[in-house]
>>> print(open('data_37.csv').read())   # CSV, C-alpha atoms
chain,number,residue,atom,x,y,z
J,26,TYR,CA,-13.7,-6.7,-10.4
J,27,SER,CA,-11.1,-8.8,-8.7
J,28,ARG,CA,-10.7,-10.4,-5.3
J,29,GLY,CA,-7.2,-10.5,-3.8
J,30,TYR,CA,-5.7,-12.5,-1.0
J,31,LYS,CA,-2.6,-12.2,1.1
J,32,ALA,CA,-1.8,-15.0,3.5
J,33,GLY,CA,-1.7,-14.6,7.3
J,34,GLY,CA,1.4,-15.5,9.3
J,35,PHE,CA,3.5,-15.1,12.4
J,36,ASN,CA,5.5,-12.3,13.9
J,37,PHE,CA,8.8,-13.9,14.8
J,38,ALA,CA,9.9,-11.3,17.4
J,39,GLY,CA,9.9,-10.9,21.1
J,40,THR,CA,10.6,-14.2,22.8
J,41,SER,CA,11.0,-16.0,19.5
J,42,ASN,CA,14.0,-13.9,18.4
J,43,GLY,CA,16.4,-15.2,21.0
J,44,GLN,CA,15.4,-13.0,23.9
J,45,THR,CA,15.2,-14.6,27.3
J,46,GLN,CA,12.1,-14.5,29.5
J,47,GLU,CA,14.1,-12.3,31.9
J,48,SER,CA,14.8,-9.7,29.2
J,49,VAL,CA,11.1,-9.7,28.2
J,50,ALA,CA,10.2,-9.3,31.8
J,51,ALA,CA,12.6,-6.4,32.1
J,52,GLN,CA,11.1,-4.7,29.0
J,53,GLU,CA,7.6,-5.2,30.5
J,54,ALA,CA,8.7,-3.6,33.8
J,55,ALA,CA,10.3,-0.7,32.0
J,56,ALA,CA,7.1,-0.2,29.9
J,57,ALA,CA,5.0,-0.4,33.1
J,58,ALA,CA,7.2,2.3,34.7
J,59,GLY,CA,6.7,4.8,31.9
J,60,PRO,CA,4.0,5.6,29.4
J,61,PRO,CA,2.4,2.4,28.0
J,62,ILE,CA,3.9,1.4,24.7
J,63,PRO,CA,1.5,-0.9,22.7
J,64,ASP,CA,3.3,-4.1,22.0
J,65,PRO,CA,1.5,-7.0,20.3
J,66,VAL,CA,4.4,-9.4,21.0
J,67,LEU,CA,4.4,-8.8,24.7
J,68,ALA,CA,0.7,-9.1,24.8
J,69,GLY,CA,1.0,-12.6,23.3
J,70,ASN,CA,-0.2,-11.7,19.8
J,71,TYR,CA,2.2,-13.6,17.6
J,72,THR,CA,-0.1,-14.1,14.5
J,73,PHE,CA,-1.8,-11.9,11.9
J,74,ASP,CA,-4.8,-12.9,9.8
J,75,PRO,CA,-5.0,-13.1,6.0
J,76,GLU,CA,-5.9,-10.0,4.1
J,77,TYR,CA,-8.7,-9.9,1.5
J,78,VAL,CA,-9.5,-7.1,-1.0
J,79,ASP,CA,-12.4,-6.6,-3.3
J,80,ALA,CA,-11.3,-4.2,-6.1
J,81,PHE,CA,-13.5,-2.5,-8.7
J,82,GLU,CA,-12.1,-0.5,-11.7
J,83,ILE,CA,-13.6,1.0,-14.8
J,84,GLY,CA,-11.7,2.9,-17.4
J,85,VAL,CA,-10.9,3.8,-21.0
J,86,LYS,CA,-7.7,3.1,-23.0
J,87,THR,CA,-7.4,5.0,-26.3
J,88,ASN,CA,-5.0,5.5,-29.1
J,89,LEU,CA,-5.3,8.8,-31.0
J,90,PHE,CA,-3.6,10.7,-33.8
J,91,ASP,CA,-2.4,7.7,-35.8
J,92,ASN,CA,-1.4,6.0,-32.6
J,93,ARG,CA,1.0,8.8,-31.6
J,94,LEU,CA,-0.9,9.5,-28.4
J,95,THR,CA,-2.0,6.8,-25.9
J,96,LEU,CA,-4.4,8.1,-23.3
J,97,ASN,CA,-5.6,5.9,-20.4
J,98,THR,CA,-7.9,6.7,-17.5
J,99,ALA,CA,-9.4,4.6,-14.7
J,100,ILE,CA,-11.6,5.1,-11.7
J,101,PHE,CA,-11.1,2.6,-8.9
J,102,TYR,CA,-12.4,1.5,-5.5
J,103,SER,CA,-10.9,-1.1,-3.2
J,104,ASP,CA,-12.3,-2.5,0.0
J,105,PHE,CA,-9.8,-4.4,2.3
J,106,ASP,CA,-10.7,-6.7,5.1
J,107,ASP,CA,-8.1,-7.5,7.8
J,108,PHE,CA,-5.6,-5.1,6.1
J,109,GLN,CA,-2.0,-6.1,7.1
J,110,LEU,CA,-0.3,-3.1,8.6
J,111,LEU,CA,3.4,-3.1,9.2
J,112,SER,CA,4.2,-0.9,12.2
J,113,PHE,CA,7.3,-0.2,14.4
J,114,ASN,CA,6.8,-0.4,18.1
J,115,GLY,CA,10.1,1.3,19.0
J,116,ARG,CA,12.0,-1.9,19.0
J,117,GLU,CA,10.9,-4.0,16.0
J,118,PHE,CA,8.6,-4.1,13.0
J,119,LEU,CA,5.4,-6.1,13.5
J,120,LEU,CA,2.5,-7.0,11.2
J,121,SER,CA,-1.0,-6.7,12.6
J,122,ASN,CA,-4.5,-6.5,11.1
J,123,VAL,CA,-6.7,-3.4,10.7
J,124,PRO,CA,-10.3,-4.7,10.2
J,125,GLU,CA,-11.2,-2.3,7.3
J,126,VAL,CA,-9.4,-0.1,4.8
J,127,THR,CA,-10.8,1.6,1.7
J,128,SER,CA,-9.1,3.2,-1.2
J,129,ARG,CA,-10.7,5.0,-4.1
J,130,GLY,CA,-9.5,7.4,-6.7
J,131,ILE,CA,-8.7,8.1,-10.4
J,132,GLU,CA,-5.6,7.5,-12.5
J,133,VAL,CA,-4.7,9.1,-15.8
J,134,ASP,CA,-1.6,8.4,-17.9
J,135,ALA,CA,-0.5,9.4,-21.4
J,136,ALA,CA,2.3,8.7,-23.8
J,137,TYR,CA,3.0,10.8,-26.9
J,138,ALA,CA,5.5,10.0,-29.7
J,139,LEU,CA,7.3,13.3,-30.6
J,140,THR,CA,9.2,11.5,-33.4
J,141,ASP,CA,9.9,7.8,-34.3
J,142,TYR,CA,12.7,7.8,-31.6
J,143,ILE,CA,11.5,10.2,-28.9
J,144,TYR,CA,8.4,9.9,-26.8
J,145,THR,CA,7.2,11.5,-23.6
J,146,THR,CA,5.0,10.1,-20.8
J,147,ILE,CA,3.0,11.7,-18.0
J,148,GLY,CA,0.8,10.2,-15.4
J,149,GLY,CA,-1.0,11.1,-12.2
J,150,ALA,CA,-3.3,9.7,-9.6
J,151,TYR,CA,-5.7,11.1,-7.0
J,152,THR,CA,-6.2,8.6,-4.2
J,153,ILE,CA,-8.2,8.7,-1.0
J,154,ALA,CA,-7.2,5.7,1.2
J,155,ARG,CA,-8.5,5.6,4.8
J,156,TYR,CA,-8.6,3.3,7.8
J,157,GLY,CA,-12.1,2.2,8.8
J,158,ASP,CA,-13.2,2.1,12.4
J,159,PHE,CA,-11.1,0.0,14.7
J,160,ASP,CA,-10.1,-0.2,18.3
J,161,ASP,CA,-6.9,-2.3,18.8
J,162,PRO,CA,-5.1,-1.7,22.1
J,163,ASN,CA,-1.8,-2.6,20.3
J,164,LEU,CA,-2.2,0.1,17.7
J,165,ALA,CA,-2.7,3.9,17.8
J,166,ASN,CA,-6.4,4.5,16.9
J,167,GLN,CA,-6.4,6.0,13.4
J,168,SER,CA,-10.0,5.4,12.6
J,169,GLY,CA,-11.0,7.5,9.6
J,170,GLN,CA,-7.4,8.8,9.1
J,171,ARG,CA,-5.4,8.6,5.8
J,172,LEU,CA,-3.6,5.3,5.3
J,173,THR,CA,0.0,5.3,6.3
J,174,ASN,CA,2.3,6.2,3.3
J,175,SER,CA,-0.6,7.0,1.0
J,176,GLN,CA,-0.2,10.3,-0.8
J,177,ARG,CA,-3.3,12.0,-2.0
J,178,PHE,CA,-1.6,13.2,-5.2
J,179,GLN,CA,1.0,11.2,-7.1
J,180,GLY,CA,2.6,12.0,-10.5
J,181,ASN,CA,5.3,11.1,-12.9
J,182,ALA,CA,6.8,12.3,-16.2
J,183,SER,CA,9.5,11.1,-18.5
J,184,VAL,CA,11.2,11.7,-21.9
J,185,ASN,CA,12.5,8.6,-23.6
J,186,ILE,CA,15.0,8.4,-26.5
J,187,ALA,CA,15.4,5.2,-28.4
J,188,GLN,CA,18.1,5.5,-31.1
J,189,PRO,CA,18.5,2.5,-33.3
J,190,ILE,CA,22.0,1.0,-33.5
J,191,PRO,CA,23.3,1.2,-37.1
J,192,GLY,CA,23.7,-2.2,-38.8
J,193,THR,CA,21.1,-3.9,-36.8
J,194,SER,CA,17.6,-4.8,-37.9
>>> encode(input="data_37.csv", output="structure tokens")
Amino acid sequence: YSRGYKAGGFNFAGTSNGQTQESVAAQEAAAAAGPPIPDPVLAGNYTFDPEYVDAFEIGVKTNLFDNRLTLNTAIFYSDFDDFQLLSFNGREFLLSNVPEVTSRGIEVDAAYALTDYIYTTIGGAYTIARYGDFDDPNLANQSGQRLTNSQRFQGNASVNIAQPIPGTS
């Protein structure tokens, strides 16, 4: 178990990035003329709250076959409060908070020494990360949807060669 924390802060955009009140008013008028574009800065939301996460993990790390094979696996669950979401409103990137996000899944990785100088690795993860229920007028409602940039399946593999340099110890 671990508890994580990421500090809150300020969005230095909109009127704080050198724009005049007139240019902000023009942007508001343009937004009013067309489809509404959620904009936390124009709505006066310059701050975002701290993020907290309670993370649980249980797993096994093993060495087999005279330590030639390392096999690790873990099951995890993370519960985020006030998740800090970076989004683009069509003009700038802004941080805002999503009240709840959960992430759970399993990870497996292995390394096998083919020889004293060549080894391979392989790893994979299955993750389900979803937004909780929220209704923020500045964000598209994605309640229950998969977390942005969170792939369900991820994997990696490599072959590594470590040839010793002659004359060195």
>>> residues_near_point(input="data_37.csv", point="(-12.9, 7.1, -16.1)", cutoff="8 Å", atoms="only C-alpha atoms", output="list in words")
Ile83, Gly84, Val85, Thr98, Ala99, Ile100 and Ile131 of chain J
>>> atom_distance(input="data_37.csv", atom1="CA of Ile147 in chain J", atom2="CA of Phe90 in chain J")
17.2 Å
>>> closest_residue(input="data_37.csv", among="J:Ser175, J:Asn122, J:Thr146, J:Asn185", to="Phe159 in chain J", atoms="only C-alpha atoms")
J:Asn122
>>> residues_around(input="data_37.csv", residues="Val184 in chain J", least_positions_apart="5", cutoff="12 Å", atoms="all atoms listed in the file", output="JSON list (two decimals) with C-alpha atoms, in the coordinates of the input")
[["chain", "number", "residue", "atom", "x", "y", "z"],
["J", 135, "ALA", "CA", -0.50, 9.40, -21.40],
["J", 136, "ALA", "CA", 2.30, 8.70, -23.80],
["J", 137, "TYR", "CA", 3.00, 10.80, -26.90],
["J", 138, "ALA", "CA", 5.50, 10.00, -29.70],
["J", 139, "LEU", "CA", 7.30, 13.30, -30.60],
["J", 140, "THR", "CA", 9.20, 11.50, -33.40],
["J", 142, "TYR", "CA", 12.70, 7.80, -31.60],
["J", 143, "ILE", "CA", 11.50, 10.20, -28.90],
["J", 144, "TYR", "CA", 8.40, 9.90, -26.80],
["J", 145, "THR", "CA", 7.20, 11.50, -23.60],
["J", 146, "THR", "CA", 5.00, 10.10, -20.80],
["J", 147, "ILE", "CA", 3.00, 11.70, -18.00]]
>>> atom_distance(input="data_37.csv", atom1="CA of Asn114 in chain J", atom2="CA of Asp160 in chain J")
16.9 Å
>>> atom_distance(input="data_37.csv", atom1="CA of Leu94 in chain J", atom2="CA of Gln176 in chain J")
27.6 Å
>>> residues_around(input="data_37.csv", residues="Lys31 in chain J", least_positions_apart="2", cutoff="7 Å", atoms="all atoms listed in the file", output="PDB file with C-alpha atoms, keeping the file's coordinate frame")
ATOM      1  CA  GLY J  29      -7.200 -10.500  -3.800  1.00  0.00           C
ATOM      2  CA  GLY J  33      -1.700 -14.600   7.300  1.00  0.00           C
ATOM      3  CA  PRO J  75      -5.000 -13.100   6.000  1.00  0.00           C
ATOM      4  CA  GLU J  76      -5.900 -10.000   4.100  1.00  0.00           C
ATOM      5  CA  TYR J  77      -8.700  -9.900   1.500  1.00  0.00           C
TER       6      TYR J  77
END
>>> residues_around(input="data_37.csv", residues="Asn97 in chain J", least_positions_apart="2", cutoff="6 Å", atoms="only C-alpha atoms", output="list in words")
Val85, Lys86, Val133 and Asp134 of chain J
>>> residues_around(input="data_37.csv", residues="Leu120 in chain J", least_positions_apart="4", cutoff="9 Å", atoms="all atoms listed in the file", output="list in words")
Gly34, Phe35, Asn36, Thr72, Phe73, Gln109, Leu110, Leu111, Ser112 and Phe113 of chain J
>>> write_last_selection(input="data_37.csv", atoms="C-alpha atoms", output="PDB file, in the coordinates of the input")
ATOM      1  CA  GLY J  34       1.400 -15.500   9.300  1.00  0.00           C
ATOM      2  CA  PHE J  35       3.500 -15.100  12.400  1.00  0.00           C
ATOM      3  CA  ASN J  36       5.500 -12.300  13.900  1.00  0.00           C
ATOM      4  CA  THR J  72      -0.100 -14.100  14.500  1.00  0.00           C
ATOM      5  CA  PHE J  73      -1.800 -11.900  11.900  1.00  0.00           C
ATOM      6  CA  GLN J 109      -2.000  -6.100   7.100  1.00  0.00           C
ATOM      7  CA  LEU J 110      -0.300  -3.100   8.600  1.00  0.00           C
ATOM      8  CA  LEU J 111       3.400  -3.100   9.200  1.00  0.00           C
ATOM      9  CA  SER J 112       4.200  -0.900  12.200  1.00  0.00           C
ATOM     10  CA  PHE J 113       7.300  -0.200  14.400  1.00  0.00           C
TER      11      PHE J 113
END
>>> closest_residue(input="data_37.csv", among="J:Thr87, J:Tyr30, J:Glu117, J:Val123", to="Ala165 in chain J", atoms="only C-alpha atoms")
J:Val123
>>> residues_around(input="data_37.csv", residues="Ala154 in chain J", least_positions_apart="2", cutoff="6 Å", atoms="all atoms listed in the file", output="ChimeraX atom specification")
/J:127-128,171-172
>>> build_atoms(input="data_37.csv", residues="range 141-152 of chain J", atoms="N, CA, C and O atoms", output="compact mmCIF listing (two decimals), keeping the file's coordinate frame")
# COMPACT_ATOMS: atom_id res chain seq x y z
N ASP J 141 9.83 9.31 -34.30
CA ASP J 141 9.90 7.80 -34.30
C ASP J 141 10.81 7.35 -33.15
O ASP J 141 10.74 6.19 -32.77
N TYR J 142 11.69 8.22 -32.62
CA TYR J 142 12.70 7.80 -31.60
C TYR J 142 12.52 8.49 -30.26
O TYR J 142 13.20 8.14 -29.31
N ILE J 143 11.64 9.49 -30.17
CA ILE J 143 11.50 10.20 -28.90
C ILE J 143 10.02 10.24 -28.52
O ILE J 143 9.16 10.59 -29.33
N TYR J 144 9.77 9.85 -27.28
CA TYR J 144 8.40 9.90 -26.80
C TYR J 144 8.42 10.40 -25.32
O TYR J 144 9.42 10.28 -24.61
N THR J 145 7.30 10.99 -24.93
CA THR J 145 7.20 11.50 -23.60
C THR J 145 6.00 10.76 -22.88
O THR J 145 5.09 10.28 -23.55
N THR J 146 6.08 10.69 -21.56
CA THR J 146 5.00 10.10 -20.80
C THR J 146 4.66 11.05 -19.63
O THR J 146 5.53 11.79 -19.16
N ILE J 147 3.42 11.00 -19.21
CA ILE J 147 3.00 11.70 -18.00
C ILE J 147 1.86 10.95 -17.39
O ILE J 147 1.07 10.31 -18.09
N GLY J 148 1.82 10.97 -16.08
CA GLY J 148 0.80 10.20 -15.40
C GLY J 148 0.48 10.86 -14.03
O GLY J 148 1.32 11.58 -13.48
N GLY J 149 -0.69 10.59 -13.55
CA GLY J 149 -1.00 11.10 -12.20
C GLY J 149 -2.18 10.32 -11.63
O GLY J 149 -2.91 9.61 -12.32
N ALA J 150 -2.27 10.43 -10.32
CA ALA J 150 -3.30 9.70 -9.60
C ALA J 150 -3.78 10.60 -8.42
O ALA J 150 -2.98 11.32 -7.81
N TYR J 151 -5.07 10.54 -8.16
CA TYR J 151 -5.70 11.10 -7.00
C TYR J 151 -6.27 10.01 -6.19
O TYR J 151 -7.14 9.28 -6.71
N THR J 152 -5.82 9.79 -4.96
CA THR J 152 -6.20 8.60 -4.20
C THR J 152 -6.69 9.07 -2.78
O THR J 152 -6.01 9.88 -2.14
